[in-house]
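Here is target_22.pdb, consisting of PDB, C-alpha atoms:
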```
MODEL        1
ATOM      1  CA  MET U   1      91.607 146.049  98.860  1.00  0.00           C
ATOM      2  CA  PHE U   2      93.978 144.270  96.488  1.00  0.00           C
ATOM      3  CA  ARG U   3      96.086 147.399  96.280  1.00  0.00           C
ATOM      4  CA  ILE U   4      96.495 147.443 100.073  1.00  0.00           C
ATOM      5  CA  ALA U   5      97.593 143.801 100.043  1.00  0.00           C
ATOM      6  CA  ARG U   6     100.120 144.526  97.295  1.00  0.00           C
ATOM      7  CA  LEU U   7     101.497 147.471  99.276  1.00  0.00           C
ATOM      8  CA  ALA U   8     101.756 145.332 102.408  1.00  0.00           C
ATOM      9  CA  ARG U   9     103.724 142.694 100.481  1.00  0.00           C
ATOM     10  CA  THR U  10     106.168 145.230  99.113  1.00  0.00           C
ATOM     11  CA  ALA U  11     106.603 146.813 102.538  1.00  0.00           C
ATOM     12  CA  THR U  12     107.859 143.537 104.069  1.00  0.00           C
ATOM     13  CA  PRO U  13     111.637 143.570 104.434  1.00  0.00           C
ATOM     14  CA  ARG U  14     113.554 141.067 102.259  1.00  0.00           C
ATOM     15  CA  SER U  15     115.204 139.455 105.295  1.00  0.00           C
ATOM     16  CA  ALA U  16     111.849 138.247 106.658  1.00  0.00           C
ATOM     17  CA  ARG U  17     109.666 136.115 104.364  1.00  0.00           C
ATOM     18  CA  SER U  18     105.937 135.763 104.889  1.00  0.00           C
ATOM     19  CA  TYR U  19     104.727 132.169 105.097  1.00  0.00           C
ATOM     20  CA  SER U  20     101.474 130.615 106.251  1.00  0.00           C
ATOM     21  CA  SER U  21     102.334 130.748 109.945  1.00  0.00           C
ATOM     22  CA  GLY U  22     103.709 134.271 110.028  1.00  0.00           C
ATOM     23  CA  LEU U  23     107.084 135.899 109.519  1.00  0.00           C
ATOM     24  CA  PHE U  24     110.226 133.761 109.566  1.00  0.00           C
ATOM     25  CA  THR U  25     113.771 134.927 109.769  1.00  0.00           C
ATOM     26  CA  PRO U  26     116.219 133.121 107.471  1.00  0.00           C
ATOM     27  CA  ALA U  27     117.529 131.071 110.441  1.00  0.00           C
ATOM     28  CA  GLU U  28     114.011 130.022 111.437  1.00  0.00           C
ATOM     29  CA  TYR U  29     113.220 129.152 107.824  1.00  0.00           C
ATOM     30  CA  GLU U  30     116.330 126.943 107.551  1.00  0.00           C
ATOM     31  CA  ALA U  31     115.449 125.282 110.880  1.00  0.00           C
ATOM     32  CA  SER U  32     111.970 124.600 109.547  1.00  0.00           C
ATOM     33  CA  LYS U  33     113.416 123.048 106.380  1.00  0.00           C
ATOM     34  CA  GLU U  34     115.746 120.859 108.461  1.00  0.00           C
ATOM     35  CA  HIS U  35     112.819 119.737 110.628  1.00  0.00           C
ATOM     36  CA  ALA U  36     110.862 118.871 107.467  1.00  0.00           C
ATOM     37  CA  ARG U  37     113.796 116.817 106.128  1.00  0.00           C
ATOM     38  CA  ASN U  38     114.045 114.923 109.420  1.00  0.00           C
ATOM     39  CA  THR U  39     110.298 114.260 109.481  1.00  0.00           C
ATOM     40  CA  VAL U  40     110.317 112.970 105.909  1.00  0.00           C
ATOM     41  CA  GLU U  41     113.234 110.677 106.726  1.00  0.00           C
ATOM     42  CA  THR U  42     111.435 109.358 109.829  1.00  0.00           C
ATOM     43  CA  TRP U  43     108.282 108.521 107.877  1.00  0.00           C
ATOM     44  CA  ARG U  44     110.322 106.948 105.085  1.00  0.00           C
ATOM     45  CA  LYS U  45     111.946 104.617 107.623  1.00  0.00           C
ATOM     46  CA  ILE U  46     108.567 103.812 109.206  1.00  0.00           C
ATOM     47  CA  SER U  47     107.148 102.979 105.781  1.00  0.00           C
ATOM     48  CA  LEU U  48     110.072 100.817 104.685  1.00  0.00           C
ATOM     49  CA  PHE U  49     110.859  98.991 107.914  1.00  0.00           C
ATOM     50  CA  LEU U  50     107.448  98.750 109.579  1.00  0.00           C
ATOM     51  CA  ALA U  51     104.580  99.107 107.108  1.00  0.00           C
ATOM     52  CA  LEU U  52     105.952  97.004 104.225  1.00  0.00           C
ATOM     53  CA  PRO U  53     106.972  94.024 106.398  1.00  0.00           C
ATOM     54  CA  ALA U  54     103.618  94.205 108.223  1.00  0.00           C
ATOM     55  CA  CYS U  55     101.763  94.107 104.890  1.00  0.00           C
ATOM     56  CA  GLY U  56     103.868  91.122 103.822  1.00  0.00           C
ATOM     57  CA  ILE U  57     103.223  89.227 107.058  1.00  0.00           C
ATOM     58  CA  PHE U  58      99.483  89.900 107.050  1.00  0.00           C
ATOM     59  CA  GLY U  59      99.281  89.016 103.353  1.00  0.00           C
ATOM     60  CA  TYR U  60     100.985  85.692 104.039  1.00  0.00           C
ATOM     61  CA  VAL U  61      98.650  84.897 106.945  1.00  0.00           C
ATOM     62  CA  ALA U  62      95.540  85.844 104.946  1.00  0.00           C
ATOM     63  CA  THR U  63      96.659  83.768 101.937  1.00  0.00           C
ATOM     64  CA  LYS U  64      97.419  80.762 104.139  1.00  0.00           C
ATOM     65  CA  ASP U  65      94.000  80.979 105.818  1.00  0.00           C
ATOM     66  CA  GLU U  66      92.223  81.357 102.469  1.00  0.00           C
ATOM     67  CA  LEU U  67      94.035  78.352 100.981  1.00  0.00           C
ATOM     68  CA  ASP U  68      93.120  76.290 104.061  1.00  0.00           C
ATOM     69  CA  HIS U  69      89.482  77.347 103.623  1.00  0.00           C
ATOM     70  CA  ILE U  70      89.510  76.418  99.923  1.00  0.00           C
ATOM     71  CA  HIS U  71      91.044  73.029 100.751  1.00  0.00           C
ATOM     72  CA  HIS U  72      88.341  72.435 103.372  1.00  0.00           C
ATOM     73  CA  MET U  73      85.558  73.427 100.950  1.00  0.00           C
ATOM     74  CA  GLU U  74      86.871  70.999  98.308  1.00  0.00           C
ATOM     75  CA  HIS U  75      86.679  68.053 100.706  1.00  0.00           C
ATOM     76  CA  ASP U  76      83.530  69.020 102.588  1.00  0.00           C
ATOM     77  CA  PRO U  77      81.303  71.254 100.438  1.00  0.00           C
ATOM     78  CA  PRO U  78      78.134  72.688 101.976  1.00  0.00           C
ATOM     79  CA  LYS U  79      74.894  70.893 101.120  1.00  0.00           C
ATOM     80  CA  PHE U  80      72.719  72.721  98.586  1.00  0.00           C
ATOM     81  CA  VAL U  81      69.058  73.232  99.467  1.00  0.00           C
ATOM     82  CA  GLY U  82      67.008  73.987  96.353  1.00  0.00           C
ATOM     83  CA  TYR U  83      64.393  76.439  97.628  1.00  0.00           C
ATOM     84  CA  PRO U  84      61.646  77.234  95.103  1.00  0.00           C
ATOM     85  CA  TYR U  85      62.596  80.945  94.883  1.00  0.00           C
ATOM     86  CA  LEU U  86      66.167  80.153  93.800  1.00  0.00           C
ATOM     87  CA  HIS U  87      67.100  80.093  90.121  1.00  0.00           C
ATOM     88  CA  VAL U  88      63.855  81.659  88.919  1.00  0.00           C
ATOM     89  CA  ARG U  89      64.393  82.549  85.253  1.00  0.00           C
ATOM     90  CA  ARG U  90      61.735  84.589  83.482  1.00  0.00           C
ATOM     91  CA  SER U  91      63.993  84.975  80.453  1.00  0.00           C
ATOM     92  CA  LYS U  92      67.406  83.666  79.461  1.00  0.00           C
ATOM     93  CA  PHE U  93      70.568  85.664  80.166  1.00  0.00           C
ATOM     94  CA  PRO U  94      71.931  87.353  77.012  1.00  0.00           C
ATOM     95  CA  TYR U  95      75.338  85.670  77.371  1.00  0.00           C
ATOM     96  CA  GLY U  96      76.702  82.146  77.629  1.00  0.00           C
ATOM     97  CA  ASP U  97      74.118  79.357  77.740  1.00  0.00           C
ATOM     98  CA  GLY U  98      71.474  81.692  79.206  1.00  0.00           C
ATOM     99  CA  GLU U  99      71.065  79.733  82.432  1.00  0.00           C
ATOM    100  CA  HIS U 100      74.074  80.947  84.407  1.00  0.00           C
ATOM    101  CA  THR U 101      74.760  84.469  85.657  1.00  0.00           C
ATOM    102  CA  LEU U 102      77.787  86.423  84.468  1.00  0.00           C
ATOM    103  CA  PHE U 103      79.716  85.625  87.667  1.00  0.00           C
ATOM    104  CA  TRP U 104      78.646  81.983  87.969  1.00  0.00           C
ATOM    105  CA  ASN U 105      81.523  79.769  89.075  1.00  0.00           C
ATOM    106  CA  PRO U 106      81.207  75.996  88.629  1.00  0.00           C
ATOM    107  CA  LEU U 107      83.520  75.380  91.593  1.00  0.00           C
ATOM    108  CA  THR U 108      81.515  77.373  94.151  1.00  0.00           C
ATOM    109  CA  ASN U 109      77.989  77.889  92.798  1.00  0.00           C
ATOM    110  CA  PRO U 110      75.466  75.052  92.575  1.00  0.00           C
ATOM    111  CA  ASP U 111      74.125  74.177  89.153  1.00  0.00           C
ATOM    112  CA  PRO U 112      70.371  74.772  88.881  1.00  0.00           C
ATOM    113  CA  GLU U 113      69.952  71.665  86.718  1.00  0.00           C
ATOM    114  CA  ASP U 114      71.346  69.298  89.373  1.00  0.00           C
TER     115      ASP U 114
ENDMDL
END
```
Output the structure of this file as structure tokens.
Amino acid sequence: MFRIARLARTATPRSARSYSSGLFTPAEYEASKEHARNTVETWRKISLFLALPACGIFGYVATKDELDHIHHMEHDPPKFVGYPYLHVRRSKFPYGDGEHTLFWNPLTNPDPED
């Protein structure tokens, strides 16, 4: 079977190359390359002039909204309700003071001792 494939490859004339979609003549191959260059250039322009500015605009809007939310939370924090199932510690954590989790944040998480 491999020998037949090798013979078929050598029987193809040099003027026509075999590619994934069939046989191309040199003119068709050059036209395909030119189309590929144009497509790459189109997507490069879309990326530079549409996608990057859109990411910048949406990043600015998201950052502004998040900073407004943080400012609101500093002035009007939510009230903490100490339910009995919260902060149950059967043993101390192996890091820090043993009472706070690894990702405990004093600005956003309530302190179990308060």
Quiz item: Please, what distance in Å, to one decimal, runs between CA of Phe24 (chain U) and CA of Arg37 (chain U)?
Solution: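 CA of Arg37 (chain U) lies 17.7 Å from CA of Phe24 (chain U).
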Specify the axis-aligned box that encloses all atoms of region 60-69 of chain U listed in the file after padding of 5 Å on each side, stating its centre and edge lengths in Å to one decimal as JSON.
```
{"center_x": 95.2, "center_y": 81.1, "center_z": 104.0, "size_x": 21.5, "size_y": 19.6, "size_z": 16.0}
```
Quiz item: If you count all atoms listed in the file, which residues fall within 10 Å of Pro110 (chain U), apart from same-chain ones fewer than 4 positions away, as a list of chain:residue names?
Solution: U:Lys79, U:Phe80, U:Val81, U:Gly82, U:Trp104, U:Asn105, U:Pro106, U:Asp114
Practice problem: Name all residues at most 12 Å from Arg89 (chain U) (count all atoms listed in the file; drop same-chain ones fewer than 6 positions away) and give them as a ChimeraX atom specification. | Solution: /U:98-101,112
Practice problem: Compile the contact shell of Met73 (chain U) as a PyMOL selection string: residues with an atom at most 10 Å away, counting only C-alpha atoms, same-chain residues fewer than 6 positions apart removed. | Solution: chain U and resi 67+107-108
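Note that the spacing between CA of Asp76 (chain U) and CA of Phe58 (chain U) amounts to 26.7 Å.
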Quiz item: Please, what distance in Å, to one decimal, runs between CA of Cys55 (chain U) and CA of Ala36 (chain U)?
Solution: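 Spanning CA of Cys55 (chain U) to CA of Ala36 (chain U) is a straight-line distance of 26.5 Å.
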